[in-house]
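Reviewing the structure listed below.
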Amino acid sequence: MNYRWLAKRFLSSLFVLAAVIALNFVIFRMMPGDAVSTIIDPSFSPEAKENLRAIYGLDKSLPEQFAIYVKQMLTFSFGLSFISRKPVWDELLTRLPVTLALTSASMAISAAFGIWLGIKAALNRGRLAEKIVLAASALTASFPGFFVQIVLLMLFARALPIFPLRGTLSVPPPEGTAALFFDYVRHMALPVLSLSLIGFGGWALYVRNLMVRALGEDFVLMARARGLPRGRVVWHAFRTIMPPIITILLMSVPGLVSGAVITESVFSLHGIGTFLLEAVSGHDYPSAGASFYLLALITVFCNFAADVAYGFADPRVRIEGKKE
Amino acid sequence: MHHAKTILCALFMILLPCFSSAAFCGGKTGEPDIHGPKISELSMIIISNPDAQIMAAEAGELDIMGDIARPSDIDRLAENKELAMSTARGFHAFFLLLNNKKSPWNSAALRRAAAMSIDRSSIVRMIFSGYCEPINSWLPPVSPWAPADSAADIYDPQAARELLKKNGYSWTLSGRLTAPDGSEVPPMKLLTPLARVAPTTAELAQIIADSLSVIGISAETEPIDFSVMINRLDRKDYSMAVLAWGMGRNPDSLYSFYHSSMDFEGGYNMTGISDARLDGALEALRGAPDEQTARAASAEAQRILAELMPSVPIYSRLSVAAVSKKWKNIFTTDSITADNMWTLLGAEPADGKDRPLRMLLAEEPRNLNPFTASSAYSWQVLGLIYESLLTTNPYTLENCGAIASSWEVKTAGEGKGRHTELVFRVKEGLLWNDGSPLTARDIKATIDFLRRNKIPRFFDAVKNIKKTETPDDHTLRIVMDGVSYWYLDNAASLPAIPAAVIEKIKDWQRWDPLAEDGRTGPHGLIGSGPFMLKSYRPGEYLMLERNPHYRRLGGDGR
């Protein structure tokens with residue numbers, strides 16, 4: 001591994017994070033109004049609003065607010081949410097399990113299914129199987145996510161009540177760990193399936209294209225000429241397309257978190273996505289700042305990890321890095 | 001307008017009678033003869049997706065669903081044979097705001113003509129399928145203080161043109177309105193929230209803009225983000241805008257919206273109206289020592305408002321709720337829908353098998369600290385746990401006793417020292433939900449704590465309190481600074497918290513009553529309301545159980 005190249009990547013990641021920290025502060029303060037100004041309640045006098053503003057720390061000068069904010073971001077102590085008056089960290093931690101379960105499961109399913117379909121389509125080029133995969137992928141990838149989810153909710157939670165309409169647990173929840181686990185899985189099934197359904201098409205189309213190109217390479221022809229079994233030939237071809245797949249996989253993580261905003265809203269899930277939405281619409285600066293900062297951190301980390309992983313998967317990247 | 005903060009007041013009034021009150025000069029308890037809670041548990045199920053809420057009600061997963069706003073949802077639920085719908089006049093009111101400080105809306109004649117050119121009845125039929133009523137008053141018609149003709153139809157485009165003609169206005173050949181000074185009234189923008197956020201409001205704004213063409217005003221809607229819109233209203237950087245808010249039933253709110261002293265950036269006088277007569281009437285209303293004076297001042301203020309027409313009242317949305325027919329003893333009146341405290345007290349399963357009543361909670365409450373909770377959803381829960389001195393009679397919307405058995409409003413002192421004194425008699429034998437006795441000293445401790453800490457949510461309610469006294473365990477005397485009939489509302493609507501809890505609170509801002517570590521204050525929500533919190537799964541549900549010490553539980557009127 002070329003350490004100079006690695007250090008350069010690390011420094012550029014830090015620069016991106018610094019820019020995100022500054023932008024997070026500026027953009028939210030540039031939005032008209034604040035957490036107090038949209039209260040239109042005649043029983044809430046301007047004096048009371050000023051008191052509230054002071055409690056939120058909005059009466060301080062912008063440089064003062066910025067210094068406090070930067071300190072909070074660097075120390076990962078994000079302060080109290082304007083809305084709940086609870087530490088933002090605590091709020092994020094209580095919501096993390098749902099978002100993690102939702103995004104990791106749906107990403108695993110959509111990626112695995114999409115990659116498998118993409119390979120199948122490439123191996124069956126020009127046949128009905130490929131046409132079906134291409135049509136299904138294009139169809140699912142082109143529908144807006146919220147539309148698909150609402151339709152699924154109406155079909156499988158209302159018309160055919162197989163899945164629950166909301167949340168992650170029944171009311172009241174069943175007793176016993178196993179029963180609780182299965183209840184959780186039943187509740188999460190539809191949100192996960194819907195995200196997987198929306199996501200697999202993109203994977204299938206992408207992998208199909210990469211695989212078609214790889215299968216046309218000379219080394220594949222050579223492998224076939226040597227009489228290698230079909231499975232081994234496919235595996236060789238697949239290995240060559242792994243670096244871009246790894247990159248896409250890692251780069252899609254932040255997108256999944258932001259995509260969770262809609263999914264969690266539709267299925268009334270208590271996750272980071274709905275937290276983000278409430279924070280932005282309620283001008284909850286500490287919560288919004290922390291959420292976007294963490295999202296940026298995940299993005300930068302995934303980007304960095306993708307670079308490193310790419311280097312491992314494709315030795316040419318490392319060699320080029322050394323040349324630099 | 002579906003904005004949590006703007007509807008806060010309305011939800012407050014409809015769902016939590018114990019936190020809303022009008023004023024009567026001295027009174028005795030007159031609560032309905034309902035005892036309970038008969039149910040042992042109440043499940044408040046959190047469903048934030050509006051479509052899923054409707055589906056849950058249809059599927060029988062909810063027993064009570066309130067605040068149903070979309071006409072299509074109301075129609076859909078009304079078709080369900082398992083559900084009964086309840087409708088009541090609401091506290092919601094929708095206005096066309098006009099910038100009175102700028103031409104052309106600095107003319108009262110033009111503002112009145114604009115009001116006469118809008119066909120409210122047709123709007124109600126077309127957009128809301130009749131689930132709202134046209135209004136012509138600055139208080140919702142349900143308010144006991146609204147004028148008798150609050151829903152009168154003033155639509156008369158011909159009369160509007162004649163009024164303008166009489167005041168020197170004319171029209172160009174192309175039909176555009178010309179001001180008395182000969183200048184053409186320029187095309188204007190009508191600010192409206194985004195259709196994505198408030199689809200009916202955006203559609204309504206378009207109809208209003210079209211209606212104004214009858215009097216030669218060219219208007220075009222400008223959909224903008226709600227925060228941006230409020231910001232522009234605050235700065236008076238607008239010509240016209242549409243806005244809805246939840247009103248209280250008493251007329252004191254008129255002072256905030258139309259007194260000239262409230263016309264500053266961020267003040268509630270968003271139309272910028274400034275009129276000496278109106279100011280005088282509103283001051284008389286705010287400083288009225290008794291009901292009779294208040295009624296006269298209220299009528300006068302509303303008469304002047306009708307004359308000046310600083311904003312144009314359009315409609316008031318009806319409150320609509322759906323209730324499962326599997327429950328009996330559902331309580332409704334013309335003024336409150338089924339999702340009210342009295343229903344929660346009296347409701348029983350129709351088949352006699354005890355089970356939890358499942359009620360919708362449309363958003364996560366997020367904050368259950370009574371000092372800092374500001375969302376309507378937090379108070380939908382807290383309002384079942386905490387009580388106030390007075391509550392609202394569901395039939396008349398007048399005050400009736402809750403913690404207090406009787407009350408008295410007096411004017412004492414002379415000259416500049418004249419002030420209002422409130423005396424409450426606290427019911428005997430009341431207990432907090434932990435079994436400890438509730439006395440006037442607890443209420444005093446709560447009020448003193450709110451005053452001492454200047455807690456924003458309650459700041460306006462306690463800022464005029466000079467001192468509180470408890471001559472005995474069941475009498476609370478509050479001495480106010482100055483005279484106002486509305487001081488009763490302010491003091492009587494505060495949530496009562498035990499003195500023992502208040503004393504242990506270390507940091508009211510950070511106090512989390514659900515935390516067991518006691519770092520910021522004591523654990524638990526100790527109130528005197530009909531329910532107490534049993535369990536809470538954030539994002540999922542809140543389970544409340546019957547307060548075994550509730551004052552109306554045994555039916556002995558303790």
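Every chain in the structure tokens has a letter given in the order shown (A, B, ...), and although residue numbers restart at 1 in each chain, ligands are simply numbered from 1 in the order shown.
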- Message: Just list as a ChimeraX atom specification whatever in stretch 67-212 of chain B DSSP marks as strand (DSSP E or B).
- Response: /B:83-88,92-98,132-134,170-171,177-178,184,188-193
Inset, instruction - Name the residues in contact with A:Val98 at a cut-off of 8 Å, using only C-alpha atoms, excluding same-chain residues fewer than 5 positions from it; report them as a list in words. - result: Leu269, His270 and Gly271 of chain A
Practice prompt. Starting from chain A, keep only residues with some atom at most 6 Å from an atom of chain B, counting only C-alpha atoms, and report them as a PyMOL selection string.
Written response: chain A and resi 32-33+39-40+42+48+51-52+84+167+266+268+270
Exercise. Which of these, B:Lys410, B:Arg120, B:Lys38, B:Arg286, has the shortest distance to B:Ser484 once you count only C-alpha atoms?
Worked result: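 Going through B:Lys410, B:Arg120, B:Lys38, B:Arg286 one by one, the smallest distance to B:Ser484 is for B:Arg286.
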Just asking: which residues within stretch 334-464 of chain B are alpha helix (DSSP H) according to DSSP, as a PyMOL selection string? chain B and resi 341-346+376-385+440-453+456-462
Rank B:Val381, B:Ala202, B:Trp432, B:Tyr155 by their smallest atom-to-atom distance to B:Lys534, using only C-alpha atoms, and report the top residue only.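 That would be B:Val381, the residue with the smallest distance to B:Lys534.
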- Query: So which residues touch B:Ile385 within 12 Å, counting only C-alpha atoms, skipping near sequence neighbours fewer than 6 positions away, as a count of residues only?
  - Reply: 33
